[in-house]
Amino acid sequence: MMPYDLILSNIGKYLTLTETEIAFFTSKLRLKEVVKKELVLRQNERCDHIYFLNNGTLRAFHLTTQGKESTVMFAIADWWITDIYAFTNNAPSIMNITAVEDSQLLSLSYPDLESLWDKLPKFEKFFRILMQKAYVREQLRSIQNLSLPAPERYDLFVSKYPEIAKKVTKKQIASYIGVTPEFLSTIRAKQGDT
């Protein structure tokens, strides 16, 4: 499989591209391989890339000054990830992105994204759809975290993201659903989930 097959399939759900447009788009992408636990983005550093996962798993998390991690999101193959706040505002990153396992990414810089929008305006539609879907996902997650009891949040996570649940630690799941690892262990024990 060529490194661009999956990303072109992802974009192809919303756009039809000519061979010339594909060539221009792929010329802007950079292949990046990261190993397990390697940081793709460090909190407080400039975030000037958006990433598409060809394979592997990434985790985005915020680290407080007290050293507490709060998982913001995970990403697996065929998903996009960045610190969207920092990326769009040219601001220091408010989170870290790290590899949960060895992963292969395609990166697109902000200047190259703007060039893409200038030369191929149809990509504005694609990235608008991408951002709308991300916003909806995060809004639903916020409401669920505010309204659902922790056991239901855990069940929802495992049923919605079974592939991710198999790859990440229980501590990372706990930080994503907003509970302590000990509380998650209690939930899992009551459910007979080991």
# chains A, B, ... in the order shown; residues from 1 in each chain; ligands from 1

call {"tool": "residues_around", "arguments": {"residues": "stretch 176-191 of chain A", "least_positions_apart": "5", "cutoff": "8 Å", "atoms": "only C-alpha atoms", "output": "PyMOL selection string"}}
result
chain A and resi 70-73+145+150-151+153-154+157+170-171

call {"tool": "residues_around", "arguments": {"residues": "A:Gln43", "least_positions_apart": "2", "cutoff": "10 Å", "atoms": "only C-alpha atoms", "output": "list in words"}}
result
Leu39, Leu41, Glu45, Arg46, Cys47, Ala60, Phe61, His62, Leu63, Asp83, Ala86, Pro92, Ser93, Ile94, Met95, Asn96 and Ile97 of chain A

call {"tool": "write_last_selection", "arguments": {"atoms": "N, CA and C atoms", "output": "PDB file, in the first residue's frame"}}
result
ATOM      1  N   LEU A  39       7.102  11.737  21.483  1.00  0.00           N
ATOM      2  CA  LEU A  39       6.222  12.901  21.395  1.00  0.00           C
ATOM      3  C   LEU A  39       6.179  13.414  19.955  1.00  0.00           C
ATOM      4  N   LEU A  41       4.048  16.103  19.442  1.00  0.00           N
ATOM      5  CA  LEU A  41       3.870  17.512  19.785  1.00  0.00           C
ATOM      6  C   LEU A  41       4.060  17.664  21.287  1.00  0.00           C
ATOM      7  N   GLU A  45       4.839  24.211  22.994  1.00  0.00           N
ATOM      8  CA  GLU A  45       5.606  24.461  21.785  1.00  0.00           C
ATOM      9  C   GLU A  45       4.649  24.819  20.654  1.00  0.00           C
ATOM     10  N   ARG A  46       5.193  25.381  19.612  1.00  0.00           N
ATOM     11  CA  ARG A  46       4.383  25.793  18.459  1.00  0.00           C
ATOM     12  C   ARG A  46       3.826  24.557  17.752  1.00  0.00           C
ATOM     13  N   CYS A  47       2.560  24.625  17.422  1.00  0.00           N
ATOM     14  CA  CYS A  47       1.901  23.543  16.685  1.00  0.00           C
ATOM     15  C   CYS A  47       1.603  24.055  15.288  1.00  0.00           C
ATOM     16  N   ALA A  60      -3.588  12.380  22.640  1.00  0.00           N
ATOM     17  CA  ALA A  60      -3.401  13.794  22.957  1.00  0.00           C
ATOM     18  C   ALA A  60      -3.825  13.996  24.406  1.00  0.00           C
ATOM     19  N   PHE A  61      -2.974  14.681  25.174  1.00  0.00           N
ATOM     20  CA  PHE A  61      -3.302  14.906  26.580  1.00  0.00           C
ATOM     21  C   PHE A  61      -2.757  16.241  27.053  1.00  0.00           C
ATOM     22  N   HIS A  62      -3.437  16.782  28.049  1.00  0.00           N
ATOM     23  CA  HIS A  62      -2.996  18.022  28.700  1.00  0.00           C
ATOM     24  C   HIS A  62      -2.330  17.631  30.015  1.00  0.00           C
ATOM     25  N   LEU A  63      -1.206  18.246  30.305  1.00  0.00           N
ATOM     26  CA  LEU A  63      -0.473  17.986  31.546  1.00  0.00           C
ATOM     27  C   LEU A  63      -0.541  19.243  32.405  1.00  0.00           C
ATOM     28  N   ASP A  83      -3.426  19.787  17.726  1.00  0.00           N
ATOM     29  CA  ASP A  83      -3.936  20.689  18.755  1.00  0.00           C
ATOM     30  C   ASP A  83      -4.606  21.810  17.964  1.00  0.00           C
ATOM     31  N   ALA A  86      -4.085  25.553  19.006  1.00  0.00           N
ATOM     32  CA  ALA A  86      -2.755  26.097  18.698  1.00  0.00           C
ATOM     33  C   ALA A  86      -2.535  26.180  17.186  1.00  0.00           C
ATOM     34  N   PRO A  92       1.009  28.759  21.342  1.00  0.00           N
ATOM     35  CA  PRO A  92       1.676  27.597  21.936  1.00  0.00           C
ATOM     36  C   PRO A  92       0.669  26.477  22.176  1.00  0.00           C
ATOM     37  N   SER A  93       1.110  25.261  22.006  1.00  0.00           N
ATOM     38  CA  SER A  93       0.247  24.101  22.184  1.00  0.00           C
ATOM     39  C   SER A  93      -0.239  23.986  23.623  1.00  0.00           C
ATOM     40  N   ILE A  94      -1.484  23.592  23.785  1.00  0.00           N
ATOM     41  CA  ILE A  94      -2.027  23.384  25.121  1.00  0.00           C
ATOM     42  C   ILE A  94      -2.091  21.896  25.465  1.00  0.00           C
ATOM     43  N   MET A  95      -1.529  21.067  24.593  1.00  0.00           N
ATOM     44  CA  MET A  95      -1.483  19.640  24.885  1.00  0.00           C
ATOM     45  C   MET A  95      -0.292  18.975  24.214  1.00  0.00           C
ATOM     46  N   ASN A  96      -0.034  17.770  24.669  1.00  0.00           N
ATOM     47  CA  ASN A  96       0.992  16.899  24.092  1.00  0.00           C
ATOM     48  C   ASN A  96       0.297  15.882  23.195  1.00  0.00           C
ATOM     49  N   ILE A  97       0.997  15.432  22.182  1.00  0.00           N
ATOM     50  CA  ILE A  97       0.533  14.293  21.389  1.00  0.00           C
ATOM     51  C   ILE A  97       1.673  13.288  21.380  1.00  0.00           C
TER      52      ILE A  97
END

call {"tool": "select_by_dssp", "arguments": {"residues": "chain A", "states": "alpha helix (DSSP H)", "output": "ChimeraX atom specification"}}
result
/A:5-12,19-27,84-89,110-119,122-147,150-160,162-167,170-177,181-191

call {"tool": "atom_distance", "arguments": {"atom1": "atom CA of A:Asp112", "atom2": "atom CA of A:Lys37"}}
result
27.3 Å

call {"tool": "closest_residue", "arguments": {"among": "A:Asp155, A:Arg141, A:Lys36, A:Thr64", "to": "A:Ala99", "atoms": "only C-alpha atoms"}}
result
A:Lys36

call {"tool": "closest_residue", "arguments": {"among": "A:Ile76, A:Leu17, A:Ile22, A:Arg30", "to": "A:Ala165", "atoms": "only C-alpha atoms"}}
result
A:Ile76

call {"tool": "select_by_dssp", "arguments": {"residues": "stretch 28-166 of chain A", "states": "strand (DSSP E or B)", "output": "PyMOL selection string"}}
result
chain A and resi 30-34+39-41+46+49-55+57-63+69-76+80-81+92+96-99+103-109

call {"tool": "residues_around", "arguments": {"residues": "A:Phe123", "least_positions_apart": "6", "cutoff": "8 Å", "atoms": "only C-alpha atoms", "output": "ChimeraX atom specification"}}
result
/A:15,116-117

call {"tool": "write_last_selection", "arguments": {"atoms": "C-alpha atoms", "output": "PDB file, in the first residue's frame"}}
result
ATOM      1  CA  LEU A  15     -14.127  15.243  -2.610  1.00  0.00           C
ATOM      2  CA  LEU A 116      -3.683  24.024  -0.682  1.00  0.00           C
ATOM      3  CA  TRP A 117      -6.745  26.170   0.048  1.00  0.00           C
TER       4      TRP A 117
END

call {"tool": "closest_residue", "arguments": {"among": "A:Ser107, A:Thr65, A:Asn54, A:Asn44", "to": "A:Phe25", "atoms": "only C-alpha atoms"}}
result
A:Ser107

call {"tool": "atom_distance", "arguments": {"atom1": "atom CA of A:Glu124", "atom2": "atom CA of A:Ala75"}}
result
22.1 Å

call {"tool": "atom_distance", "arguments": {"atom1": "atom CA of A:Leu31", "atom2": "atom CA of A:Glu138"}}
result
27.6 Å
